[in-house]
$ cat query-v5.tsv   # TSV, C-alpha atoms and all ligand atoms
chain	number	residue	atom	x	y	z
Y	1	MET	CA	-25.24	67.39	5.01
Y	2	ARG	CA	-24.43	67.37	1.37
Y	3	HIS	CA	-22.04	64.45	1.92
Y	4	LEU	CA	-25.00	62.21	2.62
Y	5	ALA	CA	-25.71	62.36	-1.03
Y	6	LEU	CA	-22.54	60.38	-1.58
Y	7	ILE	CA	-23.74	57.38	0.39
Y	8	PRO	CA	-25.90	55.81	-2.29
Y	9	LEU	CA	-23.03	56.33	-4.68
Y	10	LEU	CA	-20.58	54.60	-2.34
Y	11	LEU	CA	-22.95	51.71	-1.82
Y	12	ALA	CA	-23.43	51.34	-5.53
Y	13	PHE	CA	-19.69	51.37	-5.97
Y	14	SER	CA	-18.88	48.73	-3.38
Y	15	ALA	CA	-21.63	46.53	-4.76
Y	16	SER	CA	-19.94	46.69	-8.13
Y	17	ALA	CA	-16.72	45.18	-6.70
Y	18	ALA	CA	-17.46	41.60	-7.62
Y	19	GLU	CA	-17.76	38.88	-5.06
Y	20	TRP	CA	-16.55	35.40	-5.77
Y	21	ARG	CA	-17.30	31.88	-4.54
Y	22	VAL	CA	-14.46	29.41	-4.24
Y	23	ASP	CA	-14.74	26.36	-6.49
Y	24	HIS	CA	-13.46	23.79	-4.02
Y	25	GLU	CA	-13.00	21.08	-6.60
Y	26	ALA	CA	-10.57	23.15	-8.58
Y	27	SER	CA	-8.79	24.95	-5.73
Y	28	ARG	CA	-5.74	23.73	-3.87
Y	29	ILE	CA	-3.48	24.83	-1.06
Y	30	THR	CA	-0.24	22.88	-1.01
Y	31	PHE	CA	2.83	23.23	1.13
Y	32	THR	CA	6.20	21.62	0.65
Y	33	PHE	CA	8.58	20.89	3.47
Y	34	THR	CA	11.88	19.09	3.57
Y	35	GLN	CA	12.07	15.89	5.58
Y	36	MET	CA	15.56	14.37	5.80
Y	37	GLY	CA	16.60	16.75	3.02
Y	38	ALA	CA	13.92	15.65	0.57
Y	39	ALA	CA	10.81	17.55	-0.47
Y	40	VAL	CA	7.53	16.23	0.92
Y	41	GLU	CA	4.22	17.70	-0.15
Y	42	GLY	CA	1.13	18.29	1.89
Y	43	THR	CA	-2.25	19.86	1.29
Y	44	PHE	CA	-5.09	21.41	3.24
Y	45	GLU	CA	-8.23	19.77	1.94
Y	46	ARG	CA	-10.78	22.11	3.51
Y	47	PHE	CA	-10.72	25.88	3.36
Y	48	ASP	CA	-12.99	28.67	2.38
Y	49	ALA	CA	-12.58	32.29	1.44
Y	50	ALA	CA	-14.69	35.41	1.13
Y	51	ILE	CA	-13.33	37.13	-1.95
Y	52	THR	CA	-14.09	40.54	-3.33
Y	53	PHE	CA	-12.17	41.47	-6.41
Y	54	ASP	CA	-12.56	43.69	-9.42
Y	55	ALA	CA	-9.58	44.23	-11.66
Y	56	ASP	CA	-10.77	47.79	-12.26
Y	57	ALA	CA	-10.75	48.57	-8.55
Y	58	PRO	CA	-7.98	46.56	-6.91
Y	59	GLU	CA	-7.96	49.00	-4.01
Y	60	ASP	CA	-11.34	47.54	-2.97
Y	61	ALA	CA	-10.27	43.94	-3.26
Y	62	SER	CA	-10.23	41.79	-0.18
Y	63	VAL	CA	-9.80	38.19	0.81
Y	64	THR	CA	-10.55	36.52	4.11
Y	65	ALA	CA	-9.56	32.89	4.00
Y	66	THR	CA	-10.06	30.25	6.66
Y	67	ILE	CA	-8.25	26.94	6.56
Y	68	GLU	CA	-9.37	23.94	8.60
Y	69	VAL	CA	-6.03	22.71	9.84
Y	70	ASP	CA	-7.46	19.31	10.69
Y	71	SER	CA	-7.78	18.67	6.94
Y	72	LEU	CA	-3.98	18.55	6.58
Y	73	ALA	CA	-2.85	15.61	4.45
Y	74	THR	CA	0.68	14.47	3.59
Y	75	ARG	CA	0.07	11.01	2.10
Y	76	ASN	CA	1.08	9.39	5.39
Y	77	GLY	CA	-1.57	9.08	8.09
Y	78	GLU	CA	0.94	8.87	10.93
Y	79	ARG	CA	2.73	11.97	9.76
Y	80	ASP	CA	-0.60	13.78	9.42
Y	81	GLU	CA	-1.44	12.99	13.03
Y	82	GLY	CA	2.06	14.09	14.10
Y	83	MET	CA	1.67	17.38	12.23
Y	84	LYS	CA	-1.65	18.01	13.98
Y	85	SER	CA	-0.15	17.39	17.42
Y	86	ALA	CA	0.77	20.07	19.98
Y	87	ASP	CA	4.37	20.43	18.75
Y	88	TRP	CA	3.17	21.37	15.29
Y	89	PHE	CA	-0.19	22.80	14.27
Y	90	ASP	CA	-1.75	22.05	17.65
Y	91	VAL	CA	-5.12	21.51	16.03
Y	92	ALA	CA	-6.84	20.96	19.37
Y	93	ASN	CA	-6.15	24.55	20.38
Y	94	HIS	CA	-5.88	26.18	16.98
Y	95	PRO	CA	-8.33	24.48	14.63
Y	96	THR	CA	-8.12	27.17	11.97
Y	97	ALA	CA	-5.51	29.22	10.20
Y	98	THR	CA	-6.59	32.49	8.61
Y	99	PHE	CA	-5.42	34.95	6.03
Y	100	VAL	CA	-6.92	38.43	6.01
Y	101	SER	CA	-5.80	40.68	3.18
Y	102	LYS	CA	-4.94	44.33	3.77
Y	103	ARG	CA	-4.01	45.59	0.36
Y	104	PHE	CA	-3.86	44.43	-3.26
Y	105	THR	CA	-1.05	46.26	-5.05
Y	106	PRO	CA	-1.07	45.90	-8.85
Y	107	ALA	CA	2.30	44.63	-10.04
Y	108	GLY	CA	1.71	44.83	-13.78
Y	109	GLY	CA	-0.64	42.87	-16.01
Y	110	ASP	CA	-2.62	40.36	-13.99
Y	111	ARG	CA	-0.11	40.30	-11.18
Y	112	TYR	CA	-0.78	41.64	-7.71
Y	113	ASP	CA	1.08	41.73	-4.46
Y	114	VAL	CA	-1.44	40.75	-1.86
Y	115	GLU	CA	-0.45	41.97	1.55
Y	116	GLY	CA	-2.15	40.58	4.59
Y	117	GLU	CA	-2.05	38.96	7.96
Y	118	LEU	CA	-1.54	35.25	8.19
Y	119	THR	CA	-2.41	33.54	11.46
Y	120	ILE	CA	-1.24	30.00	12.12
Y	121	ARG	CA	-1.16	28.31	15.52
Y	122	GLY	CA	-2.36	31.57	17.06
Y	123	ARG	CA	0.56	33.62	15.77
Y	124	THR	CA	0.02	36.41	13.26
Y	125	ARG	CA	2.55	37.59	10.71
Y	126	SER	CA	2.28	40.08	7.88
Y	127	ILE	CA	3.09	38.48	4.59
Y	128	VAL	CA	3.06	39.44	0.94
Y	129	LEU	CA	1.66	36.93	-1.50
Y	130	PRO	CA	2.52	37.60	-5.13
Y	131	MET	CA	-0.58	36.42	-7.02
Y	132	THR	CA	-1.61	36.15	-10.62
Y	133	ILE	CA	-5.33	36.78	-10.96
Y	134	SER	CA	-7.07	36.25	-14.26
Y	135	ILE	CA	-10.75	36.60	-14.92
Y	136	ASP	CA	-12.59	34.98	-17.77
Y	137	GLY	CA	-16.24	35.96	-17.72
Y	138	ASP	CA	-17.71	34.57	-14.51
Y	139	ARG	CA	-14.68	32.51	-13.65
Y	140	ALA	CA	-11.56	33.68	-11.88
Y	141	ARG	CA	-8.29	31.92	-11.36
Y	142	ALA	CA	-5.73	33.05	-8.82
Y	143	ALA	CA	-2.35	31.47	-8.25
Y	144	GLY	CA	0.54	32.41	-6.05
Y	145	GLU	CA	3.39	31.18	-3.98
Y	146	ALA	CA	5.20	32.38	-0.89
Y	147	THR	CA	7.83	30.80	1.29
Y	148	LEU	CA	7.11	30.83	4.99
Y	149	ASP	CA	9.50	30.13	7.84
Y	150	ARG	CA	7.81	27.62	10.11
Y	151	ARG	CA	9.51	29.19	13.16
Y	152	ASP	CA	7.51	32.41	12.64
Y	153	PHE	CA	4.41	30.47	13.62
Y	154	GLY	CA	5.86	28.28	16.32
Y	155	LEU	CA	5.56	25.19	14.14
Y	156	GLY	CA	7.94	22.54	15.46
Y	157	GLN	CA	8.33	22.81	19.21
Y	158	GLY	CA	10.67	21.01	21.57
Y	159	ASP	CA	12.95	18.50	19.85
Y	160	TRP	CA	11.69	19.70	16.48
Y	161	ALA	CA	13.17	23.17	16.97
Y	162	GLY	CA	16.22	22.37	14.83
Y	163	ASP	CA	16.11	21.65	11.12
Y	164	THR	CA	17.91	18.29	11.13
Y	165	VAL	CA	14.78	16.37	10.24
Y	166	ILE	CA	12.31	18.99	9.02
Y	167	GLY	CA	13.52	22.18	7.36
Y	168	PHE	CA	12.53	25.73	8.30
Y	169	ASP	CA	11.50	27.05	4.89
Y	170	VAL	CA	8.09	25.97	3.69
Y	171	PRO	CA	6.97	27.08	0.23
Y	172	VAL	CA	3.21	27.38	0.09
Y	173	ALA	CA	1.38	27.38	-3.23
Y	174	LEU	CA	-2.20	28.46	-3.79
Y	175	THR	CA	-4.40	27.81	-6.77
Y	176	ILE	CA	-7.86	29.22	-6.27
Y	177	GLU	CA	-10.62	29.05	-8.81
Y	178	ALA	CA	-13.81	30.95	-8.16
Y	179	GLU	CA	-17.20	31.68	-9.68
Y	180	ARG	CA	-18.68	35.14	-9.72
Y	181	ALA	CA	-21.37	35.33	-7.08
Y	182	PRO	CA	-24.78	36.09	-8.60
E	1	MET	CA	48.39	-10.95	-0.25
E	2	ARG	CA	46.05	-10.91	-3.26
E	3	LEU	CA	43.13	-8.57	-3.90
E	4	ALA	CA	41.40	-10.96	-6.26
E	5	ASN	CA	40.22	-14.48	-5.48
E	6	SER	CA	42.12	-17.46	-6.89
E	7	ALA	CA	41.69	-21.22	-7.05
E	8	HIS	CA	43.64	-21.36	-3.74
E	9	GLY	CA	41.56	-18.97	-1.65
E	10	TRP	CA	39.67	-15.72	-1.26
E	11	GLY	CA	41.32	-12.37	-2.02
E	12	LEU	CA	41.25	-9.33	0.24
E	13	VAL	CA	38.35	-7.64	-1.60
E	14	HIS	CA	36.00	-10.61	-1.17
E	15	ILE	CA	36.94	-10.95	2.50
E	16	VAL	CA	36.37	-7.27	3.27
E	17	LEU	CA	33.02	-7.32	1.43
E	18	HIS	CA	31.98	-10.44	3.34
E	19	TRP	CA	32.72	-9.13	6.82
E	20	ALA	CA	31.49	-5.62	6.08
E	21	THR	CA	28.17	-7.12	4.96
E	22	ALA	CA	28.03	-9.29	8.07
E	23	ALA	CA	28.63	-6.30	10.36
E	24	LEU	CA	26.11	-4.14	8.48
E	25	ILE	CA	23.44	-6.85	8.63
E	26	GLY	CA	23.92	-7.12	12.39
E	27	TRP	CA	23.70	-3.35	12.88
E	28	ALA	CA	20.75	-2.85	10.50
E	29	ALA	CA	18.85	-5.77	12.00
E	30	TRP	CA	19.46	-4.51	15.55
E	31	LEU	CA	18.21	-1.04	14.63
E	32	GLY	CA	15.26	-2.50	12.71
E	33	TRP	CA	14.34	-4.59	15.71
E	34	THR	CA	14.54	-1.79	18.28
E	35	MET	CA	13.51	1.28	16.30
E	36	THR	CA	9.89	0.20	15.83
E	37	ASP	CA	9.41	0.65	19.61
E	38	LEU	CA	10.53	4.30	19.52
E	39	PRO	CA	7.96	7.11	19.76
E	40	ARG	CA	6.41	7.23	16.31
E	41	PHE	CA	6.62	10.92	15.49
E	42	ASP	CA	9.87	12.19	16.95
E	43	PRO	CA	12.97	13.65	15.28
E	44	ALA	CA	15.32	11.14	16.94
E	45	THR	CA	13.17	8.32	15.55
E	46	PHE	CA	13.44	9.72	12.03
E	47	VAL	CA	17.23	9.93	12.41
E	48	THR	CA	17.37	6.32	13.65
E	49	TYR	CA	15.15	5.05	10.84
E	50	ASN	CA	17.26	6.94	8.36
E	51	LEU	CA	20.41	5.31	9.72
E	52	HIS	CA	18.75	1.90	9.42
E	53	LYS	CA	17.85	2.69	5.81
E	54	SER	CA	21.34	4.03	5.03
E	55	LEU	CA	22.92	0.84	6.38
E	56	GLY	CA	20.42	-1.29	4.44
E	57	VAL	CA	21.05	0.55	1.18
E	58	THR	CA	24.78	0.08	1.77
E	59	ILE	CA	24.17	-3.66	2.14
E	60	LEU	CA	22.37	-3.57	-1.20
E	61	LEU	CA	25.31	-1.75	-2.80
E	62	LEU	CA	27.82	-4.20	-1.34
E	63	ALA	CA	25.68	-7.13	-2.52
E	64	ALA	CA	25.78	-5.74	-6.06
E	65	LEU	CA	29.57	-5.32	-5.79
E	66	ARG	CA	29.94	-8.85	-4.46
E	67	LEU	CA	27.88	-10.21	-7.33
E	68	VAL	CA	30.10	-8.49	-9.88
E	69	TRP	CA	33.25	-9.58	-8.06
E	70	ARG	CA	31.97	-13.13	-7.68
E	71	VAL	CA	30.89	-13.89	-11.23
E	72	SER	CA	33.92	-12.31	-12.79
E	73	ARG	CA	36.66	-13.95	-10.68
E	74	LYS	CA	37.94	-17.37	-9.80
E	75	ARG	CA	37.03	-19.00	-6.54
E	76	PRO	CA	38.48	-21.70	-4.29
E	77	ALA	CA	36.95	-25.17	-4.40
E	78	PRO	CA	35.05	-26.52	-1.38
E	79	PRO	CA	37.06	-28.87	0.87
E	80	PRO	CA	37.26	-32.28	-0.84
E	81	ALA	CA	35.95	-34.02	2.30
E	82	MET	CA	32.52	-32.38	1.94
E	83	ARG	CA	29.75	-34.80	0.99
E	84	PRO	CA	27.54	-33.89	-2.02
E	85	ILE	CA	24.55	-33.25	0.26
E	86	GLU	CA	26.63	-30.83	2.36
E	87	ARG	CA	27.78	-29.06	-0.78
E	88	ARG	CA	24.19	-28.75	-1.90
E	89	LEU	CA	23.09	-27.36	1.46
E	90	ALA	CA	25.95	-24.85	1.47
E	91	GLY	CA	25.14	-23.92	-2.13
E	92	VAL	CA	21.45	-23.39	-1.45
E	93	THR	CA	22.20	-21.40	1.73
E	94	HIS	CA	24.65	-19.14	-0.08
E	95	ALA	CA	22.32	-18.57	-3.02
E	96	SER	CA	19.40	-17.77	-0.67
E	97	LEU	CA	21.56	-15.44	1.42
E	98	PHE	CA	22.56	-13.67	-1.75
E	99	ALA	CA	18.98	-13.33	-2.95
E	100	LEU	CA	17.90	-11.97	0.44
E	101	LEU	CA	20.74	-9.42	0.47
E	102	PHE	CA	18.86	-7.88	-2.43
E	103	LEU	CA	15.30	-8.68	-1.45
E	104	VAL	CA	15.36	-7.40	2.16
E	105	PRO	CA	16.73	-3.92	1.34
E	106	VAL	CA	14.51	-3.59	-1.74
E	107	LEU	CA	11.42	-4.42	0.33
E	108	GLY	CA	12.58	-1.91	2.97
E	109	TRP	CA	13.02	0.73	0.31
E	110	LEU	CA	9.56	0.03	-1.08
E	111	THR	CA	8.13	0.25	2.46
E	112	THR	CA	9.55	3.69	3.07
E	113	ALA	CA	8.52	4.86	-0.40
E	114	ALA	CA	4.95	3.65	0.18
E	115	ALA	CA	4.97	5.71	3.39
E	116	ASP	CA	6.27	8.73	1.41
E	117	VAL	CA	9.28	9.02	3.73
E	118	PRO	CA	12.52	9.83	1.93
E	119	VAL	CA	15.86	8.07	2.36
E	120	ASP	CA	18.75	10.46	2.89
E	121	TRP	CA	21.73	8.10	2.52
E	122	PHE	CA	23.99	9.02	5.47
E	123	GLY	CA	22.92	12.63	4.97
E	124	LEU	CA	24.83	12.69	1.67
E	125	VAL	CA	22.42	11.76	-1.11
E	126	VAL	CA	18.64	11.79	-1.12
E	127	LEU	CA	17.63	8.64	-2.96
E	128	PRO	CA	14.87	8.59	-5.53
E	129	GLN	CA	11.70	6.80	-4.46
E	130	PRO	CA	11.09	3.63	-6.45
E	131	ILE	CA	7.29	3.91	-6.11
E	132	ASP	CA	4.77	6.63	-5.36
E	133	ALA	CA	3.21	6.98	-1.91
E	134	ALA	CA	0.75	4.12	-1.34
E	135	GLU	CA	-0.68	3.92	2.17
E	136	PRO	CA	-2.68	0.73	1.48
E	137	TRP	CA	0.51	-1.10	0.46
E	138	ARG	CA	2.50	0.12	3.37
E	139	GLU	CA	1.52	-2.43	5.97
E	140	TRP	CA	1.82	-5.28	3.51
E	141	LEU	CA	5.32	-4.19	2.52
E	142	GLU	CA	6.33	-3.71	6.16
E	143	ASP	CA	5.32	-7.30	6.88
E	144	ALA	CA	7.11	-8.59	3.79
E	145	HIS	CA	10.25	-6.67	4.75
E	146	TRP	CA	10.10	-8.04	8.29
E	147	LEU	CA	9.50	-11.61	7.10
E	148	ALA	CA	12.35	-11.45	4.58
E	149	ALA	CA	14.64	-9.98	7.26
E	150	MET	CA	13.76	-12.81	9.66
E	151	LEU	CA	14.48	-15.35	6.92
E	152	LEU	CA	17.80	-13.62	6.25
E	153	LEU	CA	18.72	-13.80	9.95
E	154	ALA	CA	17.72	-17.47	10.12
E	155	LEU	CA	19.94	-18.24	7.14
E	156	VAL	CA	22.77	-16.21	8.69
E	157	ALA	CA	22.42	-18.44	11.77
E	158	LEU	CA	22.58	-21.57	9.60
E	159	HIS	CA	25.55	-20.09	7.73
E	160	VAL	CA	27.39	-19.38	11.02
E	161	ALA	CA	26.58	-22.89	12.26
E	162	GLY	CA	28.05	-24.29	9.05
E	163	ALA	CA	31.22	-22.24	9.45
E	164	LEU	CA	31.59	-23.43	13.04
E	165	LYS	CA	31.09	-27.06	11.99
E	166	HIS	CA	33.86	-26.68	9.40
E	167	GLN	CA	36.12	-25.14	12.03
E	168	LEU	CA	35.37	-27.28	15.10
E	169	ILE	CA	34.21	-30.64	13.74
E	170	ASP	CA	35.68	-31.03	10.25
E	171	GLY	CA	38.85	-29.16	11.15
E	172	ASP	CA	39.23	-27.78	7.60
E	173	ASP	CA	40.33	-24.29	6.53
E	174	VAL	CA	36.96	-22.93	5.36
E	175	LEU	CA	36.68	-20.33	8.13
E	176	ARG	CA	40.39	-19.49	8.13
E	177	ARG	CA	40.44	-18.77	4.41
E	178	MET	CA	37.57	-16.28	4.84
E	179	ILE	CA	39.78	-14.42	7.35
E	180	VAL	CA	43.25	-14.61	5.83
E	181	PRO	CA	43.56	-13.49	2.19
E	182	THR	CA	45.27	-15.98	-0.09
E	183	ARG	CA	48.86	-15.31	-1.16
E	184	GLU	CA	48.80	-17.16	-4.46
H	1	LIG	C1	19.77	-6.21	4.89
H	1	LIG	C2	19.24	-5.05	5.19
H	1	LIG	C3	18.12	-4.87	6.16
H	1	LIG	C4	17.76	-5.60	7.27
H	1	LIG	C5	18.44	-6.83	7.84
H	1	LIG	C6	16.57	-4.97	7.81
H	1	LIG	C7	15.89	-5.42	8.93
H	1	LIG	C8	14.76	-4.82	9.45
H	1	LIG	C9	14.03	-5.30	10.60
H	1	LIG	C10	14.39	-6.52	11.43
H	1	LIG	C11	12.99	-4.45	10.80
H	1	LIG	C12	11.92	-4.54	11.89
H	1	LIG	C13	10.61	-4.94	11.27
H	1	LIG	C14	9.47	-4.75	12.22
H	1	LIG	O1	9.66	-4.97	13.42
H	1	LIG	O2	8.40	-4.36	11.73
H	1	LIG	C15	13.06	-3.43	9.79
H	1	LIG	C16	12.16	-2.37	9.68
H	1	LIG	C17	12.22	-1.39	8.70
H	1	LIG	N1	13.15	-1.30	7.68
H	1	LIG	FE1	14.67	-2.59	7.35
H	1	LIG	N2	16.24	-3.88	7.04
H	1	LIG	C18	17.16	-3.77	6.02
H	1	LIG	C19	17.20	-2.83	5.01
H	1	LIG	C20	16.32	-1.75	4.91
H	1	LIG	C21	16.36	-0.72	3.88
H	1	LIG	C22	17.38	-0.66	2.76
H	1	LIG	C23	15.33	0.13	4.11
H	1	LIG	C24	14.90	1.41	3.36
H	1	LIG	C25	15.56	1.99	2.41
H	1	LIG	C26	14.63	-0.33	5.27
H	1	LIG	C27	13.51	0.27	5.82
H	1	LIG	C28	12.83	-0.18	6.93
H	1	LIG	C29	11.68	0.47	7.48
H	1	LIG	C30	11.01	1.74	6.96
H	1	LIG	C31	11.30	-0.30	8.58
H	1	LIG	C32	10.14	0.00	9.53
H	1	LIG	C33	8.88	-0.65	9.16
H	1	LIG	C34	7.90	-0.33	10.25
H	1	LIG	O3	7.66	0.84	10.49
H	1	LIG	O4	7.42	-1.29	10.83
H	1	LIG	N3	15.25	-1.48	5.74
H	1	LIG	N4	14.13	-3.68	8.97
$ encode --input "query-v5.tsv" --output "structure tokens" --more "lines below"
Ligand code: HEM
Amino acid sequence: MRHLALIPLLLAFSASAAEWRVDHEASRITFTFTQMGAAVEGTFERFDAAITFDADAPEDASVTATIEVDSLATRNGERDEGMKSADWFDVANHPTATFVSKRFTPAGGDRYDVEGELTIRGRTRSIVLPMTISIDGDRARAAGEATLDRRDFGLGQGDWAGDTVIGFDVPVALTIEAERAP
Amino acid sequence: MRLANSAHGWGLVHIVLHWATAALIGWAAWLGWTMTDLPRFDPATFVTYNLHKSLGVTILLLAALRLVWRVSRKRPAPPPAMRPIERRLAGVTHASLFALLFLVPVLGWLTTAAADVPVDWFGLVVLPQPIDAAEPWREWLEDAHWLAAMLLLALVALHVAGALKHQLIDGDDVLRRMIVPTRE
């Protein structure tokens, strides 16, 4: 039973891995897709994330992010509605997209490769998000970019399957600012 | 057969530009008229709209070429039998047609830019957007583009009626000389 003695220690340790609250004003999720060969930008206006991160213990870091797909905005109301329809994000059946991290691998300095499972439109894929995470007192800033293939998530059904009008590659950029939870 | 215009008639370049513009206006207007009834968010619709825009931008390019060609070359005189009022009407019609050849495509381009939808000119060149996305302006610009296009088509009808009057009633060579390039 001597291991029991470790429990308070473990608890103390996990409590020390800082938790963070997303500053929604300063955080953005943008995606860029090509329409007729030109880049068009969109954002998800509403999302939240449970973040645990301590630069001294990256092995304990974790992120669970939830995006409200209905908050998609591309500066064209008709296109927004089209993107929410069944052929694309199918918001009616899949109102949220989620990212659940599995592992933060330090990649030198303030860079980390964040591995995790991304679920969009009910399909889950493992992805690696290279992120830069910097902490200044009680404020943290994380930024990263990854290019997704919309076909991996079944985005663009039926006549949209080809890339004549909308391309397959979709770079996604995250800028998350967070406050240390008290 | 001359390429350039002369005091005796139109050259080949002017004639080709004229009929190419006429054909493009017909095609662009037909697409413009029918495409707005297509399903709104559908890849085939985007391709059709893009063709409409490509044709319209080509009309704009040809209009610019015509302007350069027109101001820098000689031109044949109107038939001497034309009365001053007829000359004025023809002059005003031509000037308005010319202005609309610029105005209609420019308004179309502004419409698509306000909607944040790019123009991929015949799949060859993605054109820069003249203005930033502006949803509130979109409907206004759409209406302006439509109105200008209707005015253009009305003037084209007047223009065609004038050409037919020259041909069938006056019996002069105004229509013929827009078909056969001058030799001298
Ligand atoms: C002389 C050239 C052109 C003609 C005669 C023309 C004519 C038309 C007509 C008749 C319509 C239908 C309007 C309606 O029913 O609402 C239309 C719509 C449209 N045109 Fe053009 N057009 C021309 C050039 C262009 C250009 C150059 C562009 C863009 C670069 C363009 C973009 C559009 C767009 C986006 C619409 C759809 C507006 C909507 O959704 O209601 N057009 N055009």
$ residues_around --input "query-v5.tsv" --residues "Arg21 in chain Y" --least-positions-apart "6" --cutoff "7 Å" --atoms "all atoms listed in the file" --output "list in words"
Ala178, Glu179, Arg180 and Ala181 of chain Y
$ interface_residues --input "query-v5.tsv" --of "chain Y" --to "chain E" --cutoff "8 Å" --atoms "all atoms listed in the file" --output "PyMOL selection string"
chain Y and resi 35-38+40+75-79+82+159-160+164-165
$ residues_near_ligand --input "query-v5.tsv" --ligand "ligand LIG 1 (chain H)" --cutoff "8 Å" --atoms "all atoms listed in the file" --output "MDAnalysis selection string"
chainID E and resid 24:26 28:36 49:50 52:60 100:102 104:112 119 139 142:143 145:147 149:150 152:153
$ closest_residue --input "query-v5.tsv" --among "E:Val68, E:Trp140, E:Trp27, E:Ala148" --to "Thr48 in chain E" --atoms "all atoms listed in the file"
E:Trp27
$ residues_around --input "query-v5.tsv" --residues "Ile29 in chain Y" --least-positions-apart "2" --cutoff "9 Å" --atoms "only C-alpha atoms" --output "JSON, numbers by chain"
{"Y": [27, 31, 42, 43, 44, 45, 47, 172, 173, 174, 175, 176]}
$ residues_around --input "query-v5.tsv" --residues "Thr32 in chain Y" --least-positions-apart "4" --cutoff "6 Å" --atoms "all atoms listed in the file" --output "list of chain:residue names"
Y:Val40, Y:Glu41, Y:Val170, Y:Pro171
$ write_last_selection --input "query-v5.tsv" --atoms "C-alpha atoms" --output "tab-separated table (two decimals), in the frame of the given file"
chain	number	residue	atom	x	y	z
Y	40	VAL	CA	7.53	16.23	0.92
Y	41	GLU	CA	4.22	17.70	-0.15
Y	170	VAL	CA	8.09	25.97	3.69
Y	171	PRO	CA	6.97	27.08	0.23
$ closest_residue --input "query-v5.tsv" --among "Y:Glu68, Y:Asp138, Y:Asp80, Y:Asp23" --to "Pro182 in chain Y" --atoms "only C-alpha atoms"
Y:Asp138
$ residues_near_point --input "query-v5.tsv" --point "(-8.0, 44.5, 6.2)" --cutoff "10 Å" --atoms "all atoms listed in the file" --output "compact mmCIF listing (two decimals) with C-alpha atoms, in the coordinates of the input"
# COMPACT_ATOMS: atom_id res chain seq x y z
CA ALA Y 61 -10.27 43.94 -3.26
CA SER Y 62 -10.23 41.79 -0.18
CA VAL Y 63 -9.80 38.19 0.81
CA THR Y 64 -10.55 36.52 4.11
CA PHE Y 99 -5.42 34.95 6.03
CA VAL Y 100 -6.92 38.43 6.01
CA SER Y 101 -5.80 40.68 3.18
CA LYS Y 102 -4.94 44.33 3.77
CA ARG Y 103 -4.01 45.59 0.36
CA GLU Y 115 -0.45 41.97 1.55
CA GLY Y 116 -2.15 40.58 4.59
CA GLU Y 117 -2.05 38.96 7.96
$ residues_around --input "query-v5.tsv" --residues "Pro95 in chain Y" --least-positions-apart "6" --cutoff "9 Å" --atoms "all atoms listed in the file" --output "mmCIF file with C-alpha atoms, in the frame of the given file"
data_model
loop_
_atom_site.group_PDB
_atom_site.id
_atom_site.type_symbol
_atom_site.label_atom_id
_atom_site.label_comp_id
_atom_site.auth_asym_id
_atom_site.auth_seq_id
_atom_site.Cartn_x
_atom_site.Cartn_y
_atom_site.Cartn_z
ATOM 1 C CA ILE Y 67 -8.250 26.940 6.560
ATOM 2 C CA GLU Y 68 -9.370 23.940 8.600
ATOM 3 C CA VAL Y 69 -6.030 22.710 9.840
ATOM 4 C CA ASP Y 70 -7.460 19.310 10.690
ATOM 5 C CA PHE Y 89 -0.190 22.800 14.270
ATOM 6 C CA ARG Y 121 -1.160 28.310 15.520
#
$ atom_distance --input "query-v5.tsv" --atom1 "CA of Leu67 in chain E" --atom2 "CA of His14 in chain E"
10.2 Å
$ residues_around --input "query-v5.tsv" --residues "Gly162 in chain E" --least-positions-apart "6" --cutoff "12 Å" --atoms "all atoms listed in the file" --output "PDB file with C-alpha atoms, in the frame of the given file"
ATOM      1  CA  MET E  82      32.520 -32.380   1.940  1.00  0.00           C
ATOM      2  CA  GLU E  86      26.630 -30.830   2.360  1.00  0.00           C
ATOM      3  CA  ARG E  87      27.780 -29.060  -0.780  1.00  0.00           C
ATOM      4  CA  LEU E  89      23.090 -27.360   1.460  1.00  0.00           C
ATOM      5  CA  ALA E  90      25.950 -24.850   1.470  1.00  0.00           C
ATOM      6  CA  GLY E  91      25.140 -23.920  -2.130  1.00  0.00           C
ATOM      7  CA  THR E  93      22.200 -21.400   1.730  1.00  0.00           C
ATOM      8  CA  HIS E  94      24.650 -19.140  -0.080  1.00  0.00           C
ATOM      9  CA  LEU E 155      19.940 -18.240   7.140  1.00  0.00           C
ATOM     10  CA  VAL E 156      22.770 -16.210   8.690  1.00  0.00           C
ATOM     11  CA  LEU E 168      35.370 -27.280  15.100  1.00  0.00           C
ATOM     12  CA  ILE E 169      34.210 -30.640  13.740  1.00  0.00           C
ATOM     13  CA  ASP E 170      35.680 -31.030  10.250  1.00  0.00           C
ATOM     14  CA  ASP E 172      39.230 -27.780   7.600  1.00  0.00           C
ATOM     15  CA  VAL E 174      36.960 -22.930   5.360  1.00  0.00           C
ATOM     16  CA  LEU E 175      36.680 -20.330   8.130  1.00  0.00           C
TER      17      LEU E 175
END
$ atom_distance --input "query-v5.tsv" --atom1 "CA of Phe104 in chain Y" --atom2 "CA of Asp60 in chain Y"
8.1 Å
$ atom_distance --input "query-v5.tsv" --atom1 "CA of Ala163 in chain E" --atom2 "CA of Pro79 in chain E"
12.3 Å
$ axis_aligned_box --input "query-v5.tsv" --around "range 23-38 of chain Y" --padding-each-side "5 Å" --output "lines of an AutoDock Vina configuration file"
center_x = 0.9
center_y = 20.4
center_z = -1.4
size_x = 41.3
size_y = 22.0
size_z = 24.4
$ closest_residue --input "query-v5.tsv" --among "Y:Ala161, Y:Leu118, Y:Met83, Y:Ala55" --to "Ala97 in chain Y" --atoms "only C-alpha atoms"
Y:Leu118
